[in-house]
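Engineer: Sending over run_25.tsv (TSV, C-alpha atoms and all ligand atoms).
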chain	number	residue	atom	x	y	z
A	269	MET	CA	203.40	123.61	-13.88
A	270	GLY	CA	203.49	120.67	-11.49
A	271	ILE	CA	203.05	121.10	-7.78
A	272	LEU	CA	206.68	120.26	-7.12
A	273	ASP	CA	207.83	122.84	-9.65
A	274	PHE	CA	205.65	125.40	-7.97
A	275	LEU	CA	207.11	124.58	-4.57
A	276	LYS	CA	210.62	124.72	-5.95
A	277	ARG	CA	210.08	127.94	-7.87
A	278	LYS	CA	212.89	130.34	-7.13
A	279	PRO	CA	213.31	134.08	-7.55
A	280	GLU	CA	215.27	134.97	-10.68
A	281	ALA	CA	218.98	135.66	-10.61
A	282	THR	CA	218.72	139.43	-10.82
A	283	ALA	CA	221.84	140.50	-8.92
A	284	GLY	CA	223.70	141.10	-12.20
A	285	VAL	CA	221.01	143.51	-13.38
A	286	ALA	CA	221.15	145.34	-10.05
A	287	LYS	CA	224.90	145.67	-10.27
A	288	GLU	CA	224.85	147.06	-13.79
A	289	ARG	CA	222.11	149.59	-12.98
A	290	LEU	CA	223.95	150.73	-9.87
A	291	ARG	CA	227.24	151.05	-11.72
A	292	ILE	CA	225.65	153.48	-14.19
A	293	ILE	CA	223.58	155.56	-11.76
A	294	VAL	CA	226.38	155.86	-9.20
A	295	ALA	CA	228.84	157.04	-11.86
A	296	GLN	CA	226.29	159.52	-13.15
A	297	GLU	CA	225.48	160.93	-9.72
A	298	ARG	CA	229.14	161.20	-8.81
A	299	SER	CA	229.86	163.22	-11.92
A	300	THR	CA	227.44	165.97	-10.90
A	301	ARG	CA	228.09	165.77	-7.18
A	302	GLY	CA	229.06	168.98	-5.45
A	303	GLY	CA	228.06	170.89	-8.57
A	304	PRO	CA	225.11	173.22	-8.79
A	305	ASP	CA	221.69	171.65	-8.25
A	306	TYR	CA	220.66	172.49	-11.82
A	307	LEU	CA	223.08	169.98	-13.37
A	308	PRO	CA	220.70	167.00	-13.45
A	309	LEU	CA	217.95	169.24	-14.85
A	310	LEU	CA	220.31	170.68	-17.43
A	311	ARG	CA	221.28	167.17	-18.41
A	312	ASN	CA	217.66	166.17	-18.93
A	313	GLU	CA	216.84	169.21	-21.03
A	314	LEU	CA	219.93	168.69	-23.13
A	315	LEU	CA	218.87	165.12	-23.62
A	316	GLU	CA	215.47	166.24	-24.88
A	317	VAL	CA	217.00	168.68	-27.34
A	318	ILE	CA	219.46	166.12	-28.65
A	319	ARG	CA	216.69	163.59	-29.02
A	320	LYS	CA	214.92	165.90	-31.48
A	321	TYR	CA	217.74	165.16	-33.87
A	322	VAL	CA	219.28	161.88	-32.82
A	323	ASN	CA	217.70	159.00	-31.06
A	324	VAL	CA	220.18	158.61	-28.24
A	325	ASP	CA	219.97	156.62	-25.07
A	326	VAL	CA	219.50	158.26	-21.65
A	327	GLU	CA	222.97	157.06	-20.71
A	328	ALA	CA	224.51	158.59	-23.81
A	329	VAL	CA	224.53	162.09	-22.37
A	330	ASN	CA	227.08	162.80	-19.72
A	331	VAL	CA	227.40	166.14	-17.96
A	332	SER	CA	230.17	166.72	-15.50
A	333	LEU	CA	231.82	169.57	-13.74
A	334	GLU	CA	235.60	169.71	-13.71
A	335	ARG	CA	237.43	172.02	-11.39
A	336	ASP	CA	240.89	173.02	-12.32
A	337	SER	CA	243.01	175.84	-10.94
A	338	GLY	CA	240.18	178.18	-10.16
A	339	HIS	CA	238.04	177.56	-13.26
A	340	GLU	CA	235.02	175.38	-13.46
A	341	VAL	CA	234.51	173.63	-16.75
A	342	LEU	CA	231.20	172.12	-17.67
A	343	GLU	CA	231.95	169.06	-19.70
A	344	LEU	CA	229.32	167.62	-21.93
A	345	SER	CA	229.68	164.44	-23.89
A	346	VAL	CA	227.14	162.73	-26.10
A	347	ALA	CA	227.73	159.25	-27.41
A	348	LEU	CA	226.00	159.02	-30.79
A	349	PRO	CA	224.72	155.69	-32.03
A	350	ASP	CA	227.00	154.62	-34.90
A	351	GLY	CA	225.78	155.68	-38.32
A	352	LYS	CA	222.27	156.33	-37.08
A	353	VAL	CA	222.24	160.11	-37.23
A	354	VAL	CA	218.79	161.09	-38.45
A	355	GLY	CA	218.38	163.98	-40.86
A	356	LYS	CA	214.98	165.14	-39.76
A	357	PRO	CA	213.79	165.58	-36.21
A	358	ALA	CA	212.81	162.31	-34.64
A	359	ALA	CA	209.36	161.92	-33.17
A	360	SER	CA	209.20	163.83	-29.91
A	361	ALA	CA	211.14	162.07	-27.21
A	362	SER	CA	209.06	160.66	-24.45
B	85	MET	CA	241.69	161.88	22.72
B	86	THR	CA	238.01	161.25	22.17
B	87	GLU	CA	237.15	159.70	18.82
B	88	ILE	CA	233.73	160.37	17.40
B	89	ILE	CA	232.12	157.66	15.26
B	90	VAL	CA	228.94	158.29	13.31
B	91	VAL	CA	226.80	155.35	12.21
B	92	THR	CA	224.90	156.50	9.16
B	93	SER	CA	223.30	155.24	5.92
B	94	GLY	CA	220.97	157.58	4.10
B	95	LYS	CA	218.28	154.95	3.66
B	96	GLY	CA	216.17	154.06	6.69
B	97	GLY	CA	215.80	150.72	8.37
B	98	VAL	CA	219.10	149.24	7.21
B	99	GLY	CA	220.52	148.52	10.68
B	100	LYS	CA	222.09	151.74	12.03
B	101	THR	CA	220.65	151.45	15.53
B	102	THR	CA	221.40	147.71	15.68
B	103	THR	CA	224.96	148.52	14.64
B	104	SER	CA	225.37	151.49	17.01
B	105	ALA	CA	224.31	149.37	19.99
B	106	SER	CA	226.64	146.51	19.12
B	107	LEU	CA	229.55	148.76	18.18
B	108	ALA	CA	229.31	150.77	21.41
B	109	THR	CA	228.99	147.59	23.47
B	110	GLY	CA	231.89	145.95	21.61
B	111	LEU	CA	234.16	148.94	22.22
B	112	ALA	CA	233.21	148.91	25.90
B	113	MET	CA	234.02	145.17	26.05
B	114	GLN	CA	237.50	146.13	24.85
B	115	GLY	CA	237.85	148.33	27.94
B	116	LYS	CA	237.12	151.64	26.22
B	117	LYS	CA	235.04	154.33	27.87
B	118	VAL	CA	232.13	154.79	25.50
B	119	ALA	CA	229.05	156.97	25.12
B	120	VAL	CA	226.42	156.16	22.51
B	121	ILE	CA	224.06	158.98	21.50
B	122	ASP	CA	220.70	158.66	19.78
B	123	PHE	CA	220.39	161.51	17.25
B	124	ASP	CA	216.96	160.40	16.04
B	125	VAL	CA	214.98	163.27	17.57
B	126	GLY	CA	211.31	162.34	17.90
B	127	LEU	CA	211.93	158.64	17.26
B	128	ARG	CA	213.88	157.42	20.28
B	129	ASN	CA	214.85	153.76	19.78
B	130	LEU	CA	218.42	153.15	20.83
B	131	ASP	CA	217.31	152.95	24.49
B	132	LEU	CA	215.12	149.93	23.63
B	133	ILE	CA	217.89	148.14	21.73
B	134	MET	CA	220.30	148.82	24.62
B	135	GLY	CA	217.67	147.68	27.12
B	136	CYS	CA	217.63	150.87	29.21
B	137	GLU	CA	214.32	152.41	28.11
B	138	ARG	CA	212.86	152.53	31.62
B	139	ARG	CA	215.81	154.41	33.01
B	140	VAL	CA	215.61	157.41	30.68
B	141	VAL	CA	215.00	160.54	32.74
B	142	TYR	CA	216.72	163.27	30.77
B	143	ASP	CA	217.69	163.25	27.13
B	144	PHE	CA	220.08	164.79	24.60
B	145	VAL	CA	217.91	167.87	24.03
B	146	ASN	CA	217.61	168.49	27.79
B	147	VAL	CA	221.41	168.65	27.97
B	148	VAL	CA	221.67	170.92	24.93
B	149	HIS	CA	219.09	173.30	26.46
B	150	GLY	CA	220.74	173.23	29.88
B	151	GLU	CA	217.69	171.62	31.52
B	152	ALA	CA	219.84	168.82	32.88
B	153	THR	CA	223.55	168.18	33.26
B	154	LEU	CA	225.34	165.65	31.10
B	155	LYS	CA	226.04	163.52	34.18
B	156	GLN	CA	222.33	163.38	35.04
B	157	SER	CA	221.43	162.41	31.50
B	158	LEU	CA	223.96	159.69	30.73
B	159	ILE	CA	222.47	156.28	31.49
B	160	LYS	CA	225.01	153.79	32.72
B	161	ASP	CA	224.79	150.42	31.01
B	162	LYS	CA	223.70	147.52	33.23
B	163	ARG	CA	226.39	145.22	31.89
B	164	HIS	CA	229.41	147.48	31.36
B	165	GLU	CA	230.27	150.24	33.78
B	166	ASN	CA	232.32	152.10	31.16
B	167	LEU	CA	229.37	152.34	28.72
B	168	PHE	CA	226.77	155.13	28.73
B	169	VAL	CA	223.67	155.88	26.68
B	170	LEU	CA	222.31	159.34	25.88
B	171	ALA	CA	218.72	159.00	24.71
B	172	ALA	CA	217.06	161.01	21.93
B	173	SER	CA	214.39	163.48	22.84
B	174	GLN	CA	210.82	162.58	21.97
B	175	THR	CA	210.03	166.18	21.08
B	176	ARG	CA	208.41	166.82	17.72
B	177	ASP	CA	210.55	169.93	17.30
B	178	LYS	CA	213.11	168.90	14.71
B	179	ASP	CA	215.12	172.07	15.41
B	180	ALA	CA	215.70	171.12	19.03
B	181	LEU	CA	219.30	170.20	18.19
B	182	THR	CA	221.74	172.82	16.99
B	183	GLN	CA	225.29	172.54	15.80
B	184	GLU	CA	226.53	174.58	18.78
B	185	GLY	CA	224.49	172.44	21.18
B	186	VAL	CA	225.89	169.20	19.78
B	187	GLU	CA	229.42	170.58	19.87
B	188	LYS	CA	228.99	171.57	23.52
B	189	VAL	CA	227.90	168.05	24.50
B	190	LEU	CA	230.74	166.43	22.53
B	191	ASP	CA	233.29	168.78	24.13
B	192	GLU	CA	231.99	167.90	27.55
B	193	LEU	CA	232.29	164.17	26.81
B	194	ALA	CA	235.88	164.79	25.73
B	195	LYS	CA	236.57	166.49	29.07
B	196	GLU	CA	235.18	163.42	30.83
B	197	ASN	CA	237.83	161.36	29.04
B	198	PHE	CA	235.57	159.25	26.90
B	199	ASP	CA	237.56	157.19	24.40
B	200	PHE	CA	234.70	156.89	21.92
B	201	VAL	CA	231.40	158.61	21.23
B	202	VAL	CA	229.13	156.63	18.89
B	203	CYS	CA	226.48	158.75	17.15
B	204	ASP	CA	223.42	156.82	15.93
B	205	SER	CA	222.20	158.89	12.97
B	206	PRO	CA	218.60	159.20	11.85
B	207	ALA	CA	217.81	158.16	8.27
B	208	GLY	CA	217.84	160.71	5.48
B	209	ILE	CA	220.16	163.57	4.68
B	210	GLU	CA	218.32	166.28	6.61
B	211	LYS	CA	219.45	168.23	9.64
B	212	GLY	CA	219.53	165.35	12.12
B	213	ALA	CA	221.73	163.21	9.88
B	214	HIS	CA	223.92	166.21	9.14
B	215	LEU	CA	224.45	166.97	12.84
B	216	ALA	CA	225.22	163.34	13.61
B	217	MET	CA	228.02	163.25	11.03
B	218	TYR	CA	229.34	166.81	11.26
B	219	PHE	CA	231.91	166.34	14.06
B	220	ALA	CA	232.86	162.73	13.28
B	221	ASP	CA	236.37	161.30	13.03
B	222	HIS	CA	235.11	157.92	11.78
B	223	ALA	CA	231.99	157.00	9.84
B	224	VAL	CA	230.44	153.56	9.72
B	225	VAL	CA	228.25	153.57	6.61
B	226	VAL	CA	225.68	150.80	6.98
B	227	VAL	CA	224.53	149.34	3.69
B	228	ASN	CA	222.27	146.44	2.70
B	229	PRO	CA	222.88	144.44	-0.50
B	230	GLU	CA	219.98	146.14	-2.24
B	231	VAL	CA	219.83	148.84	-4.94
B	232	SER	CA	218.35	151.78	-3.05
B	233	SER	CA	220.56	151.25	-0.02
B	234	VAL	CA	223.73	151.08	-2.13
B	235	ARG	CA	222.85	154.23	-4.04
B	236	ASP	CA	222.04	156.13	-0.82
B	237	SER	CA	225.28	155.05	0.79
B	238	ASP	CA	227.21	156.51	-2.13
B	239	ARG	CA	225.38	159.77	-1.55
B	240	ILE	CA	226.32	159.65	2.15
B	241	LEU	CA	229.97	158.90	1.33
B	242	GLY	CA	229.93	162.06	-0.79
B	243	LEU	CA	228.46	164.14	2.06
B	244	LEU	CA	230.99	162.74	4.53
B	245	SER	CA	233.82	164.00	2.38
B	246	SER	CA	232.33	167.45	1.81
B	247	LYS	CA	229.82	168.53	4.45
B	248	THR	CA	231.61	167.72	7.69
B	249	ARG	CA	233.85	169.70	9.99
B	250	ARG	CA	236.96	167.83	8.87
B	251	ALA	CA	236.13	168.55	5.22
B	252	GLU	CA	235.27	172.20	5.83
B	253	LYS	CA	238.45	172.81	7.82
B	254	GLY	CA	240.59	170.98	5.29
B	255	GLU	CA	241.74	168.50	7.95
B	256	ALA	CA	242.50	164.81	7.38
B	257	PRO	CA	239.32	163.23	5.99
B	258	ILE	CA	236.91	161.19	8.08
B	259	LYS	CA	237.86	157.51	8.12
B	260	GLN	CA	235.12	155.76	6.20
B	261	HIS	CA	234.13	152.21	7.09
B	262	LEU	CA	231.58	150.44	4.90
B	263	LEU	CA	229.54	147.86	6.81
B	264	LEU	CA	227.44	145.46	4.76
B	265	THR	CA	224.58	144.07	6.84
B	266	ARG	CA	221.65	141.68	6.38
B	267	TYR	CA	223.81	139.62	4.04
B	268	ASN	CA	222.43	136.30	2.87
B	269	PRO	CA	225.17	134.09	1.31
B	270	ASN	CA	222.63	131.57	-0.02
B	271	ARG	CA	220.82	134.24	-2.00
B	272	VAL	CA	224.15	135.64	-3.19
B	273	GLU	CA	225.17	132.21	-4.45
B	274	ALA	CA	221.86	131.89	-6.27
B	275	GLY	CA	222.54	135.22	-7.98
B	276	GLU	CA	219.58	136.84	-6.26
B	277	MET	CA	221.53	139.29	-4.11
B	278	LEU	CA	224.49	141.60	-4.67
B	279	SER	CA	227.71	140.07	-3.34
B	280	VAL	CA	230.31	141.72	-1.09
B	281	LYS	CA	232.51	142.11	-4.16
B	282	ASP	CA	229.70	143.71	-6.19
B	283	VAL	CA	229.03	146.30	-3.49
B	284	GLU	CA	232.74	147.02	-3.07
B	285	GLU	CA	233.18	147.46	-6.81
B	286	ILE	CA	230.18	149.76	-7.21
B	287	LEU	CA	231.17	152.01	-4.31
B	288	GLY	CA	234.92	151.76	-4.83
B	289	ILE	CA	235.62	151.08	-1.15
B	290	SER	CA	236.19	147.85	0.72
B	291	VAL	CA	234.05	146.65	3.60
B	292	VAL	CA	235.06	146.75	7.26
B	293	GLY	CA	232.69	143.91	7.99
B	294	VAL	CA	229.81	141.82	6.73
B	295	ILE	CA	226.94	141.06	9.12
B	296	PRO	CA	224.78	138.14	8.02
B	297	GLU	CA	221.00	138.31	8.02
B	298	SER	CA	220.16	136.62	11.28
B	299	GLU	CA	217.11	135.68	13.34
B	300	ASN	CA	219.14	136.45	16.44
B	301	VAL	CA	218.96	140.18	15.71
B	302	LEU	CA	215.21	140.26	16.34
B	303	ALA	CA	215.62	138.09	19.44
B	304	ALA	CA	218.29	140.48	20.71
B	305	SER	CA	216.13	143.54	20.18
B	306	ASN	CA	213.16	141.79	21.80
B	307	ALA	CA	215.30	141.23	24.89
B	308	GLY	CA	217.05	144.61	24.86
B	309	VAL	CA	220.47	142.98	24.67
B	310	PRO	CA	222.75	144.11	21.81
B	311	VAL	CA	223.32	141.16	19.46
B	312	ILE	CA	227.10	141.38	19.92
B	313	LEU	CA	226.51	139.87	23.38
B	314	ASP	CA	224.83	136.80	21.87
B	315	ASP	CA	227.68	134.30	21.78
B	316	ASN	CA	225.72	131.82	19.71
B	317	SER	CA	224.93	134.06	16.79
B	318	ASN	CA	226.92	134.65	13.62
B	319	ALA	CA	225.71	138.25	13.55
B	320	GLY	CA	227.15	138.81	17.03
B	321	ALA	CA	230.47	137.22	16.06
B	322	ALA	CA	230.59	139.30	12.87
B	323	TYR	CA	230.04	142.47	14.92
B	324	LYS	CA	232.89	141.43	17.26
B	325	ASP	CA	235.19	141.07	14.24
B	326	THR	CA	234.07	144.45	12.95
B	327	VAL	CA	234.84	146.20	16.23
B	328	ALA	CA	238.30	144.62	16.27
B	329	ARG	CA	238.94	145.85	12.71
B	330	ILE	CA	237.84	149.38	13.58
B	331	LEU	CA	240.36	149.23	16.43
B	332	GLY	CA	243.03	148.36	13.87
B	333	GLU	CA	243.20	144.57	14.09
B	334	GLU	CA	243.25	142.47	10.93
B	335	ARG	CA	240.70	139.71	10.80
B	336	PRO	CA	239.43	137.72	7.81
B	337	LEU	CA	235.77	138.08	6.83
B	338	ARG	CA	233.58	135.21	8.03
B	339	PHE	CA	230.10	133.82	7.28
B	340	LEU	CA	230.28	134.55	3.54
B	341	GLU	CA	229.77	130.94	2.48
B	342	PRO	CA	226.29	129.56	1.86
B	343	VAL	CA	224.85	127.36	4.57
B	344	LYS	CA	224.09	123.94	3.07
B	345	LYS	CA	220.44	123.14	3.38
B	346	GLY	CA	219.04	119.87	4.60
B	347	PHE	CA	217.33	117.48	2.15
B	348	LEU	CA	213.77	118.59	2.83
B	349	LYS	CA	214.65	122.24	2.45
B	350	ARG	CA	216.48	121.47	-0.79
B	351	VAL	CA	213.39	119.84	-2.23
B	352	PHE	CA	210.81	122.23	-0.93
B	353	GLY	CA	212.82	125.45	-0.76
B	354	GLY	CA	212.81	127.85	2.14
C	401	LIG	N1	221.71	141.47	10.47
C	401	LIG	C1	220.37	141.53	10.60
C	401	LIG	N2	219.61	140.42	10.44
C	401	LIG	C2	218.26	140.48	10.56
C	401	LIG	N3	217.58	141.59	10.85
C	401	LIG	C3	218.27	142.74	11.02
C	401	LIG	C4	219.69	142.78	10.90
C	401	LIG	N4	220.10	144.05	11.12
C	401	LIG	C5	218.99	144.77	11.38
C	401	LIG	N5	217.88	144.00	11.32
C	401	LIG	C6	216.48	144.41	11.54
C	401	LIG	O1	216.18	145.48	10.67
C	401	LIG	C7	215.30	146.40	11.28
C	401	LIG	C8	215.88	147.79	11.22
C	401	LIG	O2	217.06	147.85	12.02
C	401	LIG	P1	217.51	149.18	12.75
C	401	LIG	O3	216.42	149.75	13.59
C	401	LIG	O4	218.81	148.91	13.39
C	401	LIG	O5	217.71	150.11	11.47
C	401	LIG	P2	217.96	151.68	11.41
C	401	LIG	O6	218.85	151.90	10.24
C	401	LIG	O7	218.43	152.18	12.73
C	401	LIG	O8	216.49	152.25	11.12
C	401	LIG	P3	216.05	153.80	11.13
C	401	LIG	O9	216.53	154.35	9.81
C	401	LIG	O10	214.58	153.73	11.22
C	401	LIG	O11	216.71	154.44	12.30
C	401	LIG	C9	215.09	145.90	12.69
C	401	LIG	O12	213.86	145.21	12.74
C	401	LIG	C10	216.24	144.95	12.94
C	401	LIG	O13	215.90	143.94	13.84
C	402	MG	MG	217.70	153.84	13.96
Show me, as structure tokens, the structure contained in the file I just sent.

Structural biologist:
Amino acid sequence: MGILDFLKRKPEATAGVAKERLRIIVAQERSTRGGPDYLPLLRNELLEVIRKYVNVDVEAVNVSLERDSGHEVLELSVALPDGKVVGKPAASAS
Amino acid sequence: MTEIIVVTSGKGGVGKTTTSASLATGLAMQGKKVAVIDFDVGLRNLDLIMGCERRVVYDFVNVVHGEATLKQSLIKDKRHENLFVLAASQTRDKDALTQEGVEKVLDELAKENFDFVVCDSPAGIEKGAHLAMYFADHAVVVVNPEVSSVRDSDRILGLLSSKTRRAEKGEAPIKQHLLLTRYNPNRVEAGEMLSVKDVEEILGISVVGVIPESENVLAASNAGVPVILDDNSNAGAAYKDTVARILGEERPLRFLEPVKKGFLKRVFGG
């Protein structure tokens, strides 16, 4: 790389990555906010169990607490990768 | 009626004390009677930014413990006679402040007909930050265009709407004002920094002001003069706009456009 290139070298345009990461984490943290402290832990353990069978993404598991007229409902949703359900347990999730 | 404003953020070092000093000064410039309180027990700093560090005799904890009266402890600003500073204690005892103690001081300020009490919160979400926000009517949430600051401010917005007196009593919620500081339009244009719109979209709330990153802020803190009093700085002007908006005025956002660089800077960067 020439000296001028070096001097002109700029940081990468990473704001888009930051925005996308924040969008996901903020939504996730909001969904368990005000709920019991074990929700994030529960979510992680569920993720590990699910990963024994299906190779899902961290973002695929969503746990949220809904309050409605006196009841609390724990809502759990798992987005499965299309057509990629594995029959035997996948290698242990890391 | 006395309105209590907390300046808070979660993350440390984002500009709470800088903002508290300029906000309190700006409100006083509008003729309001204002007290600004440093809640950062053990790390007193607001006195330096306000330029009154050598006049601190008694502090917030002394008043709470009845070791001094409020009158003795309020430091009158050199520049505005309707502006007063209450310094943080330098004690290492983090439990020196109690909810009852804070309430007592705030009630007394209300009796003295203060229009505004600005509470400069410590960083974090521990006791000090909790006490600073608990009695608030308004919250200025200071955020930088940076991932950890944005995430923390969302956490704080959640606490403001659940763990405060207004929330617990089921009263009208605290008015939340998001203040984006240390904003650099050139880096935003280059795609290196989150934009105002990005931050607003992520947090789902619009900003009350945008304070540009500015060299004048350091100069102001060096001199002990809140940056809002620096008539030649964009940061000062942006703080003036922000104060006006908090008082209900509508003003367009300024200083969001990149500053065009000179030829040499364009070639060599910087
Ligand atoms: N708009 C700005 N432009 C440039 N520098 C700034 C700006 N706002 C704040 N700073 C600088 O950032 C640093 C931290 O500011 P400040 O002390 O106000 O933050 P804080 O949130 O009160 O920190 P703490 O969490 O430790 O209480 C200071 O050095 C200050 O000069
Ligand atoms: Mg501070």

Engineer: Please identify every residue of chain A that has at least one atom no more than 7 Å from any atom of chain B, counting only C-alpha atoms, and report them as a PyMOL selection string.

Structural biologist: chain A and resi 275-276+279-283+286-287+290-291+294

Engineer: Can you tell me how far CA of Gly96 (chain B) sits from CA of Leu309 (chain A), in Å to one decimal?

Structural biologist: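 Value for the CA of Gly96 (chain B)-CA of Leu309 (chain A) distance: 26.4 Å.
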
Engineer: Write as a PDB file with C-alpha atoms, keeping the file's coordinate frame the residues around ligand LIG 401 (chain C), taking 8 Å as the cut-off and counting all atoms listed in the file.

Structural biologist:
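For reference, part-v6.pdb as written:
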ATOM      1  CA  THR B  92     224.900 156.500   9.160  1.00  0.00           C
ATOM      2  CA  SER B  93     223.300 155.240   5.920  1.00  0.00           C
ATOM      3  CA  GLY B  94     220.970 157.580   4.100  1.00  0.00           C
ATOM      4  CA  LYS B  95     218.280 154.950   3.660  1.00  0.00           C
ATOM      5  CA  GLY B  96     216.170 154.060   6.690  1.00  0.00           C
ATOM      6  CA  GLY B  97     215.800 150.720   8.370  1.00  0.00           C
ATOM      7  CA  VAL B  98     219.100 149.240   7.210  1.00  0.00           C
ATOM      8  CA  GLY B  99     220.520 148.520  10.680  1.00  0.00           C
ATOM      9  CA  LYS B 100     222.090 151.740  12.030  1.00  0.00           C
ATOM     10  CA  THR B 101     220.650 151.450  15.530  1.00  0.00           C
ATOM     11  CA  THR B 102     221.400 147.710  15.680  1.00  0.00           C
ATOM     12  CA  THR B 103     224.960 148.520  14.640  1.00  0.00           C
ATOM     13  CA  SER B 104     225.370 151.490  17.010  1.00  0.00           C
ATOM     14  CA  ASP B 124     216.960 160.400  16.040  1.00  0.00           C
ATOM     15  CA  ASN B 129     214.850 153.760  19.780  1.00  0.00           C
ATOM     16  CA  ASP B 204     223.420 156.820  15.930  1.00  0.00           C
ATOM     17  CA  SER B 205     222.200 158.890  12.970  1.00  0.00           C
ATOM     18  CA  PRO B 206     218.600 159.200  11.850  1.00  0.00           C
ATOM     19  CA  ALA B 207     217.810 158.160   8.270  1.00  0.00           C
ATOM     20  CA  GLY B 208     217.840 160.710   5.480  1.00  0.00           C
ATOM     21  CA  VAL B 226     225.680 150.800   6.980  1.00  0.00           C
ATOM     22  CA  THR B 265     224.580 144.070   6.840  1.00  0.00           C
ATOM     23  CA  ARG B 266     221.650 141.680   6.380  1.00  0.00           C
ATOM     24  CA  TYR B 267     223.810 139.620   4.040  1.00  0.00           C
ATOM     25  CA  ILE B 295     226.940 141.060   9.120  1.00  0.00           C
ATOM     26  CA  PRO B 296     224.780 138.140   8.020  1.00  0.00           C
ATOM     27  CA  GLU B 297     221.000 138.310   8.020  1.00  0.00           C
ATOM     28  CA  SER B 298     220.160 136.620  11.280  1.00  0.00           C
ATOM     29  CA  GLU B 299     217.110 135.680  13.340  1.00  0.00           C
ATOM     30  CA  ASN B 300     219.140 136.450  16.440  1.00  0.00           C
ATOM     31  CA  VAL B 301     218.960 140.180  15.710  1.00  0.00           C
ATOM     32  CA  LEU B 302     215.210 140.260  16.340  1.00  0.00           C
ATOM     33  CA  SER B 305     216.130 143.540  20.180  1.00  0.00           C
ATOM     34  CA  ALA B 319     225.710 138.250  13.550  1.00  0.00           C
TER      35      ALA B 319
END

Engineer: When distances are computed from all atoms listed in the file, which of B:Lys162, B:Gly212, B:Leu181, B:Ile89 shows the smallest separation from ligand MG 402 (chain C)?

Structural biologist: B:Gly212

Engineer: For each of B:Val118, B:Leu107, B:Val294, B:Met217, take the minimum atom-to-atom distance to Val280 (chain B), counting all atoms listed in the file, then give the residue where this is smallest.

Structural biologist: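 Between B:Val118, B:Leu107, B:Val294, B:Met217, the residue approaching Val280 (chain B) most closely is B:Val294.
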
Engineer: Just how far from CA of Asp122 (chain B) is CA of Gln260 (chain B), in Å to one decimal?

Structural biologist: 20.0 Å

Engineer: One decimal, Å: what's the distance from CA of Arg298 (chain A) over to CA of Leu342 (chain A), could you say?

Structural biologist: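 So the answer is 14.2 Å.
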
Engineer: Of the candidates B:Val169, B:Ser233, B:Asp314, B:Leu127, which one gets nearest to ligand MG 402 (chain C) if we count only C-alpha atoms and all ligand atoms?

Structural biologist: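 Counting only C-alpha atoms and all ligand atoms, the residue closest to ligand MG 402 (chain C) is B:Leu127.
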
Engineer: Hey, what's within 9 Å of Leu170 (chain B) if we count only C-alpha atoms and toss same-chain stuff fewer than 5 positions away? As a list in words, please?

Structural biologist: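 The residues satisfying every condition are Ala119, Val120, Ile121, Asp122, Leu130, Asp131, Val140, Tyr142, Asp143, Phe144, Leu154, Ser157, Leu158 and Ile159 of chain B.
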
Engineer: In the coordinates of the file, take the point (231.3, 157.9, 15.8) and a cut-off of 7 Å; then, counting all atoms listed in the file, name each qualifying protein, DNA or RNA residue as a list in words.

Structural biologist: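 In the file's frame, the residues around the point are Glu87, Ile88, Ile89, Val90, Val91, Val201, Val202, Cys203, Ala220, Asp221, His222 and Ala223 of chain B.
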
Engineer: Just write the chosen residues, C-alpha atoms, as a short mmCIF file (atom, residue, chain, number, x, y, z; two decimals), in the frame of the given file.

Structural biologist:
data_model
loop_
_atom_site.label_atom_id
_atom_site.label_comp_id
_atom_site.auth_asym_id
_atom_site.auth_seq_id
_atom_site.Cartn_x
_atom_site.Cartn_y
_atom_site.Cartn_z
CA GLU B 87 237.15 159.70 18.82
CA ILE B 88 233.73 160.37 17.40
CA ILE B 89 232.12 157.66 15.26
CA VAL B 90 228.94 158.29 13.31
CA VAL B 91 226.80 155.35 12.21
CA VAL B 201 231.40 158.61 21.23
CA VAL B 202 229.13 156.63 18.89
CA CYS B 203 226.48 158.75 17.15
CA ALA B 220 232.86 162.73 13.28
CA ASP B 221 236.37 161.30 13.03
CA HIS B 222 235.11 157.92 11.78
CA ALA B 223 231.99 157.00 9.84
#

Engineer: With all atoms listed in the file as the basis for distance, which of B:Gly185, B:Gly126, B:Gly254, B:Gly320 is at the shortest distance from ligand MG 402 (chain C)?

Structural biologist: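 Nearest candidate to ligand MG 402 (chain C) out of B:Gly185, B:Gly126, B:Gly254, B:Gly320: B:Gly126.
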
Engineer: Do a neighbour search on Ser106 (chain B) at 7 Å with only C-alpha atoms, toss out local chain neighbours closer than 6 positions, and write the hits as a ChimeraX atom specification.

Structural biologist: /B:310-312,323
